[in-house]
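What follows is data_35.txt (compact mmCIF, C-alpha atoms and all ligand atoms).
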# COMPACT_ATOMS: atom_id res chain seq x y z
CA MET A 178 -3.61 1.63 42.70
CA SER A 179 -1.51 0.28 39.86
CA LEU A 180 -0.63 2.49 36.93
CA PRO A 181 -2.16 1.69 33.51
CA LEU A 182 0.05 0.15 30.88
CA LYS A 183 1.70 2.69 28.62
CA ILE A 184 0.85 2.36 24.96
CA TRP A 185 3.95 1.87 22.82
CA HIS A 186 3.14 3.79 19.65
CA PRO A 187 4.19 2.53 16.21
CA PHE A 188 6.95 4.27 14.24
CA THR A 189 7.30 6.65 17.17
CA ASN A 190 10.36 7.70 19.14
CA ALA A 191 9.17 8.20 22.72
CA VAL A 192 11.92 10.78 23.39
CA LEU A 193 12.03 12.81 20.19
CA ASP A 194 8.52 12.69 18.81
CA PRO A 195 5.59 14.77 20.05
CA SER A 196 3.23 13.12 22.54
CA PRO A 197 0.29 11.34 20.96
CA ILE A 198 -2.80 13.39 20.29
CA PHE A 199 -5.95 12.04 21.89
CA VAL A 200 -8.65 11.67 19.24
CA GLU A 201 -12.15 11.47 20.58
CA ARG A 202 -14.16 11.21 17.43
CA ALA A 203 -13.73 11.36 13.66
CA GLU A 204 -16.02 12.14 10.78
CA GLY A 205 -15.44 12.53 7.05
CA ALA A 206 -11.88 13.76 6.63
CA TRP A 207 -11.73 15.23 10.15
CA LEU A 208 -10.32 14.09 13.47
CA TYR A 209 -11.69 15.77 16.60
CA THR A 210 -9.40 15.78 19.63
CA ARG A 211 -10.16 15.69 23.34
CA GLU A 212 -8.76 19.21 23.62
CA GLY A 213 -11.24 20.48 21.07
CA ARG A 214 -8.88 20.69 18.09
CA GLU A 215 -9.94 19.80 14.55
CA ILE A 216 -7.36 18.06 12.37
CA LEU A 217 -7.75 17.31 8.66
CA ASP A 218 -6.66 13.73 7.98
CA ALA A 219 -4.80 14.19 4.69
CA VAL A 220 -3.18 10.74 4.83
CA SER A 221 -6.34 8.68 5.36
CA SER A 222 -4.94 7.39 8.67
CA TRP A 223 -2.08 5.41 7.12
CA TRP A 224 -3.79 5.15 3.77
CA VAL A 225 -6.71 3.03 4.91
CA ASN A 226 -9.72 5.32 4.92
CA LEU A 227 -11.65 5.70 1.67
CA HIS A 228 -15.19 6.89 2.28
CA GLY A 229 -14.67 9.01 5.38
CA HIS A 230 -14.24 8.33 9.07
CA ALA A 231 -17.28 6.89 10.84
CA ASN A 232 -18.96 6.32 7.49
CA PRO A 233 -22.53 5.50 8.54
CA ARG A 234 -23.10 2.80 5.92
CA ILE A 235 -20.02 0.83 6.90
CA ALA A 236 -20.68 1.37 10.61
CA ALA A 237 -24.24 0.05 10.22
CA ALA A 238 -23.08 -3.00 8.25
CA ILE A 239 -20.59 -3.95 10.97
CA ALA A 240 -23.19 -3.47 13.72
CA GLU A 241 -25.74 -5.56 11.88
CA GLN A 242 -23.23 -8.36 11.28
CA ALA A 243 -22.04 -8.27 14.91
CA ARG A 244 -25.56 -9.03 16.09
CA LYS A 245 -25.71 -12.09 13.81
CA MET A 246 -22.25 -13.61 13.97
CA GLU A 247 -18.95 -11.95 14.79
CA HIS A 248 -16.47 -14.58 13.69
CA VAL A 249 -16.17 -18.23 12.86
CA ILE A 250 -13.18 -20.41 12.05
CA LEU A 251 -12.63 -20.40 8.27
CA ALA A 252 -10.91 -23.81 8.11
CA GLY A 253 -13.70 -26.19 7.19
CA PHE A 254 -16.37 -23.46 7.40
CA THR A 255 -17.57 -20.52 5.39
CA HIS A 256 -20.17 -17.79 5.79
CA GLU A 257 -22.25 -15.29 3.91
CA PRO A 258 -20.12 -12.14 4.41
CA ALA A 259 -16.99 -13.96 3.17
CA GLU A 260 -18.79 -15.50 0.19
CA ARG A 261 -20.35 -12.14 -0.63
CA LEU A 262 -16.97 -10.46 -0.55
CA ALA A 263 -15.55 -13.11 -2.86
CA SER A 264 -18.31 -12.40 -5.38
CA GLY A 265 -18.10 -8.63 -4.82
CA LEU A 266 -14.39 -8.60 -5.59
CA ARG A 267 -15.04 -10.81 -8.63
CA LYS A 268 -16.67 -7.82 -10.35
CA TRP A 269 -13.57 -5.66 -10.00
CA LEU A 270 -10.71 -8.08 -10.54
CA ARG A 271 -9.54 -9.54 -13.83
CA PRO A 272 -11.37 -12.83 -14.53
CA GLU A 273 -8.08 -14.72 -14.57
CA LEU A 274 -7.71 -14.02 -10.83
CA THR A 275 -9.90 -16.73 -9.38
CA HIS A 276 -8.90 -17.74 -5.84
CA LEU A 277 -8.90 -15.60 -2.74
CA PHE A 278 -6.95 -16.32 0.45
CA PHE A 279 -7.76 -14.24 3.54
CA SER A 280 -5.24 -12.86 6.02
CA ASP A 281 -5.08 -10.01 8.51
CA ASP A 282 -3.33 -6.98 7.03
CA GLY A 283 -0.98 -5.88 4.27
CA SER A 284 2.08 -7.63 5.65
CA THR A 285 0.33 -10.97 5.99
CA ALA A 286 -1.22 -10.64 2.52
CA VAL A 287 2.37 -10.30 1.27
CA GLU A 288 3.63 -13.22 3.38
CA VAL A 289 0.86 -15.39 1.93
CA ALA A 290 1.75 -14.40 -1.63
CA LEU A 291 5.45 -15.15 -1.15
CA LYS A 292 4.78 -18.51 0.50
CA LEU A 293 2.24 -19.44 -2.18
CA ALA A 294 4.76 -18.64 -4.92
CA VAL A 295 7.44 -20.79 -3.32
CA GLN A 296 5.13 -23.71 -2.58
CA TYR A 297 3.61 -23.46 -6.04
CA PHE A 298 6.92 -24.51 -7.59
CA SER A 299 7.59 -27.01 -4.83
CA ASN A 300 4.22 -28.68 -5.51
CA LEU A 301 5.08 -28.77 -9.20
CA GLY A 302 8.22 -30.73 -8.35
CA ARG A 303 10.54 -27.78 -8.90
CA PRO A 304 11.71 -26.96 -5.35
CA ALA A 305 14.87 -25.27 -6.63
CA LYS A 306 12.69 -22.43 -7.91
CA LYS A 307 12.41 -20.70 -4.54
CA GLU A 308 14.21 -17.37 -4.72
CA ILE A 309 12.59 -13.96 -4.70
CA VAL A 310 13.19 -10.75 -6.62
CA ALA A 311 12.12 -7.36 -5.30
CA LEU A 312 12.61 -3.74 -6.25
CA GLU A 313 14.85 -1.06 -4.82
CA HIS A 314 12.83 1.44 -2.73
CA GLY A 315 10.10 -1.18 -2.26
CA TYR A 316 8.17 -1.52 0.98
CA HIS A 317 5.93 -4.49 1.71
CA GLY A 318 5.39 -4.48 5.48
CA ASP A 319 7.04 -5.09 8.82
CA THR A 320 6.78 -8.84 9.45
CA ALA A 321 9.99 -10.78 8.82
CA GLY A 322 9.22 -11.97 5.30
CA ALA A 323 7.64 -8.70 4.19
CA MET A 324 10.61 -6.88 5.70
CA SER A 325 12.99 -9.13 3.76
CA VAL A 326 11.49 -8.18 0.42
CA SER A 327 11.31 -4.51 1.42
CA ASP A 328 14.40 -2.49 0.58
CA ASP A 329 17.04 -1.70 3.22
CA SER A 330 15.94 1.26 5.30
CA PRO A 331 16.08 2.57 8.85
CA PHE A 332 13.05 0.33 9.44
CA THR A 333 14.96 -2.84 8.57
CA ASP A 334 18.49 -1.95 9.67
CA PRO A 335 18.50 -3.63 13.13
CA PHE A 336 17.07 -6.80 11.61
CA ARG A 337 19.66 -7.54 8.96
CA ALA A 338 20.32 -10.99 10.42
CA MET A 339 16.61 -11.89 10.37
CA ARG A 340 15.97 -10.96 6.77
CA TYR A 341 16.37 -13.64 4.13
CA ALA A 342 18.31 -12.81 0.99
CA VAL A 343 16.46 -11.55 -2.07
CA TYR A 344 17.65 -10.32 -5.43
CA ARG A 345 17.07 -6.60 -5.69
CA VAL A 346 16.70 -4.80 -8.99
CA PRO A 347 16.55 -1.06 -9.71
CA THR A 348 13.26 0.83 -10.00
CA PRO A 349 12.99 3.46 -12.72
CA TYR A 350 12.98 6.25 -10.11
CA LEU A 351 13.32 8.86 -12.82
CA TYR A 352 14.17 11.79 -10.58
CA ARG A 353 17.20 9.95 -9.26
CA ARG A 354 18.42 8.62 -12.60
CA PRO A 355 22.11 9.01 -13.39
CA GLU A 356 22.99 12.51 -14.55
CA GLY A 357 22.85 13.00 -18.27
CA MET A 358 20.79 9.87 -18.89
CA THR A 359 17.42 10.23 -20.64
CA GLU A 360 14.29 8.85 -19.03
CA ALA A 361 13.90 6.32 -21.83
CA ALA A 362 17.47 5.11 -21.44
CA TYR A 363 17.03 4.74 -17.69
CA ILE A 364 13.83 2.73 -18.04
CA GLU A 365 15.64 0.52 -20.52
CA GLN A 366 18.54 0.09 -18.13
CA CYS A 367 16.19 -0.96 -15.31
CA VAL A 368 14.33 -3.39 -17.55
CA GLY A 369 17.71 -4.69 -18.75
CA ALA A 370 18.83 -5.40 -15.17
CA LEU A 371 15.69 -7.43 -14.51
CA ALA A 372 15.98 -9.23 -17.84
CA GLU A 373 19.56 -10.20 -17.16
CA LEU A 374 18.77 -11.51 -13.68
CA LEU A 375 15.76 -13.55 -14.79
CA GLU A 376 17.68 -14.91 -17.77
CA GLU A 377 20.55 -16.05 -15.63
CA LYS A 378 18.58 -17.37 -12.64
CA SER A 379 15.32 -18.56 -14.11
CA GLU A 380 15.89 -22.04 -12.66
CA SER A 381 16.05 -20.69 -9.12
CA ILE A 382 13.71 -17.67 -9.11
CA ALA A 383 10.11 -18.24 -8.03
CA CYS A 384 8.66 -14.75 -8.01
CA LEU A 385 8.98 -11.02 -8.47
CA ILE A 386 7.14 -8.84 -5.99
CA LEU A 387 6.51 -5.18 -6.65
CA GLU A 388 4.22 -2.28 -5.85
CA PRO A 389 2.67 -1.50 -9.23
CA LEU A 390 3.30 2.06 -10.48
CA LEU A 391 3.61 3.63 -7.03
CA GLN A 392 6.24 2.75 -4.46
CA ALA A 393 4.63 4.27 -1.44
CA ALA A 394 6.59 4.11 1.81
CA GLY A 395 9.84 4.18 -0.18
CA GLY A 396 9.10 7.84 -0.98
CA MET A 397 5.93 8.01 -3.10
CA ILE A 398 7.89 7.11 -6.20
CA VAL A 399 5.75 6.96 -9.33
CA TYR A 400 7.31 4.90 -12.11
CA PRO A 401 6.26 4.38 -15.73
CA ALA A 402 3.73 1.71 -16.71
CA GLU A 403 6.14 0.64 -19.42
CA TYR A 404 8.42 -0.86 -16.77
CA LEU A 405 5.55 -2.84 -15.26
CA ARG A 406 4.49 -4.16 -18.66
CA LYS A 407 8.04 -5.23 -19.49
CA ALA A 408 8.39 -6.87 -16.07
CA ARG A 409 5.20 -8.82 -16.80
CA GLU A 410 6.60 -10.00 -20.14
CA LEU A 411 9.85 -11.08 -18.55
CA CYS A 412 8.09 -12.99 -15.76
CA THR A 413 5.98 -14.83 -18.32
CA ARG A 414 9.03 -15.65 -20.42
CA HIS A 415 10.95 -17.08 -17.44
CA ASP A 416 8.06 -18.72 -15.62
CA VAL A 417 8.33 -16.36 -12.66
CA VAL A 418 5.23 -15.55 -10.61
CA LEU A 419 4.44 -11.84 -10.65
CA ILE A 420 3.07 -10.61 -7.32
CA ALA A 421 1.44 -7.18 -7.39
CA ASP A 422 1.40 -5.67 -3.94
CA GLU A 423 -1.66 -3.42 -4.24
CA VAL A 424 -2.03 -3.03 -0.50
CA LEU A 425 -1.88 0.73 -0.95
CA THR A 426 -2.68 1.21 -4.64
CA GLY A 427 -5.85 -0.91 -4.54
CA PHE A 428 -9.39 0.45 -4.34
CA GLY A 429 -9.06 3.50 -6.50
CA ARG A 430 -5.98 5.22 -5.13
CA THR A 431 -4.33 5.57 -8.51
CA GLY A 432 -7.50 6.50 -10.40
CA LYS A 433 -8.54 2.98 -11.43
CA MET A 434 -9.74 0.30 -9.03
CA PHE A 435 -6.30 -1.33 -9.22
CA ALA A 436 -2.98 0.08 -10.44
CA CYS A 437 -2.41 -3.03 -12.56
CA ASP A 438 -5.54 -2.09 -14.55
CA LEU A 439 -4.05 1.32 -15.23
CA ALA A 440 -1.04 -0.38 -16.78
CA GLY A 441 -3.08 -3.14 -18.47
CA VAL A 442 -1.09 -5.78 -16.61
CA LEU A 443 -2.38 -9.06 -15.24
CA PRO A 444 -0.39 -10.24 -12.21
CA ASP A 445 -0.36 -13.88 -11.10
CA MET A 446 -1.21 -12.73 -7.59
CA ILE A 447 -2.48 -9.53 -6.11
CA CYS A 448 -2.22 -8.50 -2.44
CA LEU A 449 -4.96 -6.26 -1.05
CA SER A 450 -5.55 -4.70 2.33
CA LYS A 451 -5.76 -1.13 3.74
CA GLY A 452 -8.76 0.32 1.87
CA ILE A 453 -10.47 -3.05 1.48
CA THR A 454 -12.70 -2.44 4.53
CA GLY A 455 -12.97 1.29 3.84
CA GLY A 456 -10.52 1.76 6.72
CA PHE A 457 -12.72 0.26 9.44
CA LEU A 458 -11.16 -3.09 10.28
CA PRO A 459 -7.94 -4.92 9.46
CA MET A 460 -8.06 -7.46 6.66
CA GLY A 461 -5.71 -8.78 4.01
CA VAL A 462 -6.43 -10.85 0.94
CA THR A 463 -4.21 -12.49 -1.63
CA VAL A 464 -5.90 -13.37 -4.90
CA CYS A 465 -4.21 -15.71 -7.37
CA THR A 466 -4.86 -17.22 -10.76
CA ASP A 467 -6.34 -20.63 -11.34
CA ARG A 468 -2.96 -21.81 -12.59
CA VAL A 469 -1.36 -21.09 -9.21
CA GLU A 470 -4.18 -22.62 -7.17
CA ALA A 471 -4.27 -25.72 -9.39
CA ALA A 472 -0.84 -26.72 -8.08
CA PHE A 473 -2.38 -27.04 -4.60
CA ARG A 474 -5.42 -29.05 -5.73
CA SER A 475 -4.02 -32.48 -5.09
CA GLU A 476 -4.61 -35.74 -3.30
CA ASP A 477 -1.22 -35.34 -1.71
CA ARG A 478 -1.69 -33.69 1.68
CA MET A 479 1.81 -32.30 1.43
CA HIS A 480 0.53 -30.07 -1.37
CA THR A 481 -1.86 -28.30 1.03
CA PHE A 482 -1.18 -24.68 1.91
CA TYR A 483 -0.73 -24.98 5.66
CA HIS A 484 -1.16 -21.34 6.51
CA GLY A 485 -3.93 -19.45 8.30
CA HIS A 486 -4.46 -16.75 10.89
CA SER A 487 -6.97 -16.96 13.73
CA TYR A 488 -9.09 -14.10 12.41
CA THR A 489 -8.96 -15.25 8.79
CA GLY A 490 -12.09 -14.16 6.95
CA ASN A 491 -13.46 -12.31 9.98
CA ALA A 492 -17.17 -11.74 9.42
CA LEU A 493 -17.15 -8.15 10.72
CA ALA A 494 -14.24 -7.19 8.47
CA CYS A 495 -15.99 -8.90 5.53
CA ALA A 496 -19.18 -6.94 6.32
CA ALA A 497 -17.18 -3.71 6.30
CA ALA A 498 -15.53 -4.66 3.00
CA ASN A 499 -18.88 -5.53 1.44
CA ALA A 500 -20.31 -2.19 2.54
CA SER A 501 -17.29 -0.40 1.11
CA LEU A 502 -17.69 -2.18 -2.24
CA GLN A 503 -21.39 -1.30 -2.19
CA ILE A 504 -20.42 2.36 -1.80
CA PHE A 505 -18.27 1.99 -4.93
CA GLU A 506 -21.40 0.69 -6.70
CA ASP A 507 -23.90 3.24 -5.40
CA GLU A 508 -22.00 6.48 -4.98
CA PRO A 509 -19.92 8.53 -7.42
CA VAL A 510 -16.65 7.36 -5.87
CA PHE A 511 -14.67 7.58 -9.10
CA ASP A 512 -15.92 11.14 -9.63
CA ARG A 513 -14.60 11.99 -6.16
CA ILE A 514 -11.30 10.34 -7.06
CA ALA A 515 -11.11 12.29 -10.34
CA ALA A 516 -11.85 15.55 -8.51
CA ILE A 517 -9.00 14.91 -6.05
CA ALA A 518 -6.67 13.99 -8.90
CA LYS A 519 -7.50 17.24 -10.70
CA ILE A 520 -6.78 19.39 -7.65
CA ASN A 521 -3.59 17.42 -7.01
CA ALA A 522 -2.40 18.21 -10.54
CA GLU A 523 -3.31 21.91 -10.34
CA ARG A 524 -1.79 22.51 -6.95
CA LEU A 525 1.36 20.47 -7.49
CA ALA A 526 2.12 22.53 -10.58
CA GLN A 527 2.42 25.59 -8.33
CA PHE A 528 5.23 23.98 -6.32
CA LYS A 529 7.57 23.64 -9.24
CA ASP A 530 8.84 27.22 -8.84
CA PHE A 531 10.11 26.79 -5.28
CA ALA A 532 13.85 26.29 -5.22
CA VAL A 533 13.59 23.71 -2.44
CA VAL A 534 11.24 21.52 -4.47
CA GLY A 535 13.19 18.95 -6.47
CA GLU A 536 10.26 17.17 -8.09
CA THR A 537 6.50 16.83 -7.85
CA ARG A 538 4.85 13.48 -8.45
CA GLN A 539 1.27 12.42 -8.86
CA ILE A 540 -0.81 9.39 -9.58
CA GLY A 541 -4.56 9.66 -9.01
CA THR A 542 -5.32 10.68 -5.44
CA MET A 543 -1.64 10.71 -4.42
CA GLY A 544 0.21 14.00 -4.77
CA ALA A 545 3.81 14.39 -3.57
CA ILE A 546 6.67 16.83 -3.53
CA GLU A 547 10.23 15.72 -3.05
CA LEU A 548 12.23 18.43 -1.34
CA ARG A 549 15.90 18.93 -2.01
CA ALA A 550 17.81 17.74 1.03
CA GLU A 551 21.41 17.00 1.89
CA ASP A 552 20.12 14.22 4.13
CA ALA A 553 17.44 12.86 1.77
CA GLY A 554 15.66 9.79 3.14
CA TYR A 555 13.25 8.85 5.90
CA LEU A 556 15.47 10.25 8.67
CA SER A 557 15.87 13.64 7.00
CA ALA A 558 15.85 16.48 9.55
CA MET A 559 13.15 18.08 7.44
CA ARG A 560 10.61 15.51 8.52
CA PRO A 561 10.02 16.41 12.20
CA LYS A 562 9.91 20.13 11.34
CA LEU A 563 7.35 19.58 8.64
CA TYR A 564 5.25 17.17 10.70
CA ARG A 565 4.98 19.61 13.60
CA PHE A 566 4.26 22.53 11.29
CA PHE A 567 1.41 20.68 9.62
CA LEU A 568 -0.15 19.64 12.93
CA GLU A 569 0.14 23.17 14.31
CA HIS A 570 -1.83 24.21 11.25
CA GLY A 571 -4.51 21.58 11.78
CA VAL A 572 -3.45 19.13 9.09
CA LEU A 573 -2.26 15.55 9.50
CA LEU A 574 0.48 14.92 6.96
CA ARG A 575 3.30 12.46 7.69
CA PRO A 576 6.19 13.24 5.35
CA LEU A 577 8.37 10.33 4.33
CA GLY A 578 11.60 12.12 5.20
CA ASN A 579 12.01 14.86 2.61
CA VAL A 580 8.98 13.71 0.62
CA VAL A 581 5.70 15.40 1.53
CA TYR A 582 2.59 13.74 0.16
CA VAL A 583 -1.17 13.99 0.26
CA LEU A 584 -3.35 10.87 0.16
CA PRO A 585 -6.78 11.89 1.42
CA PRO A 586 -10.01 10.01 1.99
CA TYR A 587 -12.15 10.24 -1.14
CA VAL A 588 -14.80 12.28 0.68
CA ILE A 589 -12.48 15.24 1.24
CA SER A 590 -14.07 18.37 -0.22
CA ALA A 591 -12.33 20.65 -2.72
CA ASP A 592 -12.05 23.37 -0.04
CA GLU A 593 -10.53 20.96 2.45
CA LEU A 594 -8.00 19.67 -0.07
CA HIS A 595 -7.05 23.21 -1.07
CA ARG A 596 -6.54 23.96 2.59
CA VAL A 597 -4.09 21.04 2.85
CA TYR A 598 -2.15 22.39 -0.13
CA ASP A 599 -2.22 25.94 1.29
CA VAL A 600 -0.59 24.66 4.48
CA MET A 601 1.95 22.67 2.45
CA GLU A 602 2.78 25.78 0.47
CA GLU A 603 3.20 27.83 3.62
CA ALA A 604 5.50 25.16 5.06
CA VAL A 605 7.70 25.10 1.98
CA GLN A 606 7.83 28.91 1.90
CA THR A 607 8.55 29.51 5.55
CA LEU A 608 10.55 26.51 6.80
CA PHE A 609 13.31 26.27 4.20
C1 LIG B 1 2.56 -1.54 -0.48
C2 LIG B 1 2.42 -2.01 0.93
N1 LIG B 1 2.48 -3.31 1.20
C3 LIG B 1 2.32 -3.79 2.44
C4 LIG B 1 2.13 -2.93 3.51
C5 LIG B 1 1.97 -3.47 4.89
O1 LIG B 1 0.67 -3.35 5.31
P1 LIG B 1 0.28 -3.44 6.86
O2 LIG B 1 0.86 -2.22 7.50
O3 LIG B 1 -1.19 -3.47 6.87
O4 LIG B 1 0.88 -4.69 7.39
C6 LIG B 1 2.07 -1.56 3.27
C7 LIG B 1 1.87 -0.63 4.39
O5 LIG B 1 2.08 0.54 4.30
C8 LIG B 1 2.22 -1.08 1.95
O6 LIG B 1 2.19 0.22 1.66
Encoded form using structure tokens:
Amino acid sequence: MSLPLKIWHPFTNAVLDPSPIFVERAEGAWLYTREGREILDAVSSWWVNLHGHANPRIAAAIAEQARKMEHVILAGFTHEPAERLASGLRKWLRPELTHLFFSDDGSTAVEVALKLAVQYFSNLGRPAKKEIVALEHGYHGDTAGAMSVSDDSPFTDPFRAMRYAVYRVPTPYLYRRPEGMTEAAYIEQCVGALAELLEEKSESIACLILEPLLQAAGGMIVYPAEYLRKARELCTRHDVVLIADEVLTGFGRTGKMFACDLAGVLPDMICLSKGITGGFLPMGVTVCTDRVEAAFRSEDRMHTFYHGHSYTGNALACAAANASLQIFEDEPVFDRIAAIAKINAERLAQFKDFAVVGETRQIGTMGAIELRAEDAGYLSAMRPKLYRFFLEHGVLLRPLGNVVYVLPPYVISADELHRVYDVMEEAVQTLF
């Protein structure tokens, strides 16, 4: 008898990391393993789950759709779940964002945005405007283009030759600002760096891509809305397309439906994924303004956006997304979000007294502590110790190196969230 294939797990070192845990079933914020363990999912399974695992409303919507039609090619065709999602999202997005392009996940939503920005200028007869600006500490995904705009990291290191060049500007990562500099001066310095670049290269720069207000995989870095607003102004002044990568921040994570709303900023394009289907099925969307789409509305076939993935606009994923949006309409989701945010604030305040805690950061449902480390960064030796400790204590938390963060499904109860923080506190007290 032949052996089964071995699953190659993502972001996992087969020698150094613990063996995968076999999950048999999941419900609410809980994962139930084959061995009978119960694990609290405090990271929403890579930030995708909003309304709880195995949410019955989303599960039923997918089942119902599967009996009717699972999938149909979206080139030349459309269908009710996709059209319904387009009108459902209409209610939440700024009216200026008018056209939606489907893709498969966060990385492809980003790829679409970048390609749209470059072709936008090409269609307008300005092909020289093709370069891209991105932020330090940014992360936008693992495909080649998304990896190019992401900052250098252990994730991208072996692929230096594959990544195209981008201009990279500093993020106002206040905790790491130069010693002796005030926060205000540092924000100004970061804005100044962007202003100078756009001023000098406005003829060649097509777009700026950023994660609004929260740089997630880069270390849960929360930066001031003022920077985002100034970046918007500068993009407008220099005719640069602003791409907001809300793959993580979308769907309530930061307290508002979208982080850009929190800052009062209108991007030219917004990338959504992760929570869009409530965490049930993969889907990406890129939504752009009428101005961007108008450059593609042409009798010249060369102005067409020749891009599309096989599962574009998948009907089951659309059904899941529609059910998730319906939950936002029918259930007190923003009350749940506010309750999480309140506990985050209360519990994070208690970490400030630990010597090993350098900074605590919060935005909405995301609460983080950055630990002081000689080897700060994703490969910090703190990470495996913390990860194991949390799992031994029945909590799934995946520190980003020396940054420990909580990003739970919105259905987590107050008791469950306190339990997560209790375990975090015990870890900080006993491990370092
Ligand atoms: C801000 C941001 N953009 C893009 C991505 C990539 O999404 P995906 O993993 O679905 O390709 C991520 C994933 O963590 C993300 O956080």
Selection within 10 Å of ligand LIG 1 (chain B) by all atoms listed in the file, output as a VMD selection string:
chain A and resid 223 to 225 281 to 288 315 to 320 323 to 324 327 387 to 389 391 to 395 397 421 to 427 448 to 452 459 to 461
Tell me, as a PDB file with C-alpha atoms, in the coordinates of the input, which residues lie within 9 Å of Gln503 in chain A, counting all atoms listed in the file; anything in the same chain fewer than 5 positions away does not count.
ATOM      1  CA  GLY A 265     -18.100  -8.630  -4.820  1.00  0.00           C
ATOM      2  CA  ALA A 498     -15.530  -4.660   3.000  1.00  0.00           C
ATOM      3  CA  GLU A 508     -22.000   6.480  -4.980  1.00  0.00           C
TER       4      GLU A 508
END
Atomic separation - CA of Ile517 in chain A relative to CA of Leu217 in chain A, Å
15.0 Å
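Distance annotation: of A:Leu291, A:Val583, A:Leu227, A:Cys384, the residue with the minimal separation from Arg596 in chain A is A:Val583; atom set is only C-alpha atoms.
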Please provide the set of residues having any atom within 6 Å of Ala494 in chain A, restricted to all atoms listed in the file, with same-chain residues fewer than 3 positions apart removed, written as a VMD selection string.
chain A and resid 458 491 497
